[in-house]
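Peer 1: Got a structure for you, written out below as structure tokens; questions coming shortly.
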Amino acid sequence: MKIPPTVGLVIPYYLGDDFIEGCLASIQASEYPVKTVYLADNSPEPYAGVNAPVIARLPLPAGIGFGRACNAGLAKALSDGHDYLIILNQDAVLAPDTISHLVEAMEDCSSATVAAPLSYDLSLKTISEKTYHHYVAPITGLAADLERGDLQLSYPVDYTQINGACVIFRATAMADKPWFDPVFKQYGEDTELFQRLLYEYNTPLLVVPRARIGHQHSNFSAKGERADWIAAQVRTGMLICWLKDPRRSWGGALLKAFIVALHTQWITVRAGKGHRLPTFWRRDIQLLGQLAEIRRRRERNYLYQFVQDTIKKDITGGQ
């Protein structure tokens with residue numbers, strides 16, 4: 001009898017008291033067993049819940065950000081020998097059969113490195129209009145198949161069509177590849193990783209529509225100062241993604257990032273959000289100071305070693 005693949009699941013945790021219990025409860029209700037949940041805790045107020053035997057809390061320096069927290073958890077899960085590694089946002093919940101569908105899709109497509117579920121609201125019944133626009137409509141055939149209720153096991157996708165709130169990685173495929181680039185604080189790190197996997201490492205990316213998570217995407221629901229902050233974070237992350245695009249030379253990447261910077265300013269003014277421009281400009285000046293380092297991180301071996309060194313520091317408590 002074939003032994004089912006083992007799954008290690010990483011939750012990057014930061015001030016998540018309002019969400020984490022629902023997230024953990026959905027994991028415990030999973031039809032497919034999760035061998036270990038790695039709580040990558042970089043919160044200034046560490047997780048104080050009662051640790052179940054399946055939960056391994058990984059204490060990290062406070063505020064290191066989503067990507068670095070994920071990297072530390074993924075490195076620990078990889079060293080523990082799991083076949084598949086899953087990242088799940090602390091404010092997301094799994095449907096009971098989600099992990100089963102994700103593992104099935106990865107076993108079916110042996111060349112795939114990453115797969116993701118579809119994102120619904122927290123009831124797991126409704127896809128929001130904006131989520132549909134970003135993560136369903138662009139995928140060839142998916143919208144029509146959802147309408148008919150006749151879904152394929154998985155659909156090949158572009159790197160922009162994966163919602164990073166939940167992804168599954170094939171451990172063996174990622175063992176020699178850099179994880180998330182620590183140049184990102186929040187927003188953009190998942191897009192840049194998927195971009196590298198698809199275009200530099202030539203590995204297929206999948207969406208598995210029968211696998212569902214419940215998640216309220218903060219990009220789409222934030223208002224006021226929070227929305228302004230997210231807009232600036234997302235824009236900076238987008239510019240770094242273009243600077244690191246493996247399909248372009250460094251000169252071509254610089255030109256593309258410059259065009260995108262001007263375009264995002266224009267559409268921001270047209271949307272009546274001109275008050276965001278000073279923040280954009282401050283961030284652009286900071287980004288100019290990072291260009292030399294970003295260029296170095298386009299090189300795979302340099303980035304791999306940098307990521308490994310950062311993981312070692314974070315796990316041992318260094319900054």
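In the structure tokens, chains take letters A, B, ... by order of appearance, with residues numbered from 1 within each chain and ligands from 1 in the order shown.
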Would you pick out the contacts of Lys273 of chain A at 12 Å or less, using only C-alpha atoms, so that residues sharing its chain but fewer than 3 positions from it are not included, and give the list as a PyMOL selection string?
Peer 2: chain A and resi 224-225+227-228+231-232+264-270+276-280
Peer 1: Based on the backbone DSSP call, show me all residues of segment 66-250 of chain A assigned strand (DSSP E or B), as JSON, numbers by chain.
Peer 2: {"A": [84, 85, 86, 87, 88, 92, 93, 94, 114, 115, 116, 117, 118, 119, 120, 155, 156, 166, 167, 168, 169, 170, 205, 206, 207, 208, 209, 210, 211, 212, 213, 214, 215]}
Peer 1: Can you list, as a list in words, all residues belonging to segment 85-132 of chain A that DSSP tags as alpha helix (DSSP H)?
Peer 2: Thr98, Ile99, Ser100, His101, Leu102, Val103, Glu104, Ala105, Met106, Glu107, Asp108, Glu129, Lys130, Thr131 and Tyr132 of chain A
Peer 1: Might you pull out every residue within 6 Å of segment 172-188 of chain A, with only C-alpha atoms counted and same-chain residues fewer than 3 positions away left off, and present them as JSON, numbers by chain?
Peer 2: {"A": [65, 66, 67, 68, 191, 193, 234, 237, 304]}
Peer 1: Please provide as a list in words all residues within 6 Å of Ser154 of chain A, with the sequence filter that same-chain residues fewer than 2 positions apart are discarded (counting only C-alpha atoms).
Peer 2: Gln152, Val207 and Val208 of chain A
Peer 1: Out of A:Val10, A:Ile87, A:Ala143, A:Ala292, which residue has the shortest atom-to-atom distance to Ile127 of chain A when counting only C-alpha atoms?
Peer 2: A:Ala143
Peer 1: So, counting only C-alpha atoms, which residue among A:Ile64, A:Arg210, A:Gly16, A:Lys2 is closest to Leu102 of chain A?
Peer 2: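 The answer is A:Arg210, which sits nearest to Leu102 of chain A.
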Peer 1: What lies within 8 Å of Pro204 of chain A using only C-alpha atoms, ignoring chain neighbours under 6 positions off, as JSON, numbers by chain?
Peer 2: {"A": [111, 112, 113, 114, 156, 157, 197, 198]}
Peer 1: Taking only C-alpha atoms into account, name the residue in A:Lys130, A:Arg170, A:Lys35, A:Arg212 that is nearest to Tyr84 of chain A.
Peer 2: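 Smallest separation from Tyr84 of chain A among the options: A:Arg170.
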Peer 1: Measuring atom to atom with only C-alpha atoms, identify which of A:Leu118, A:Ala40, A:Val307, A:Val34 is nearest to His134 of chain A.
Peer 2: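 Checking each of A:Leu118, A:Ala40, A:Val307, A:Val34 against His134 of chain A, counting only C-alpha atoms, the winner is A:Leu118.
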Peer 1: Can you measure atom CA of Ala48 of chain A to atom CA of Ile27 of chain A for me? One decimal in Å is fine.
Peer 2: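 These atoms are spaced 18.3 Å apart.
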Peer 1: Which is closer to Tyr135 of chain A than all the others in A:Glu299, A:Glu200, A:Asp158, A:Asp150, using only C-alpha atoms?
Peer 2: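 When distances to Tyr135 of chain A are compared using only C-alpha atoms, the smallest one comes from A:Asp158.
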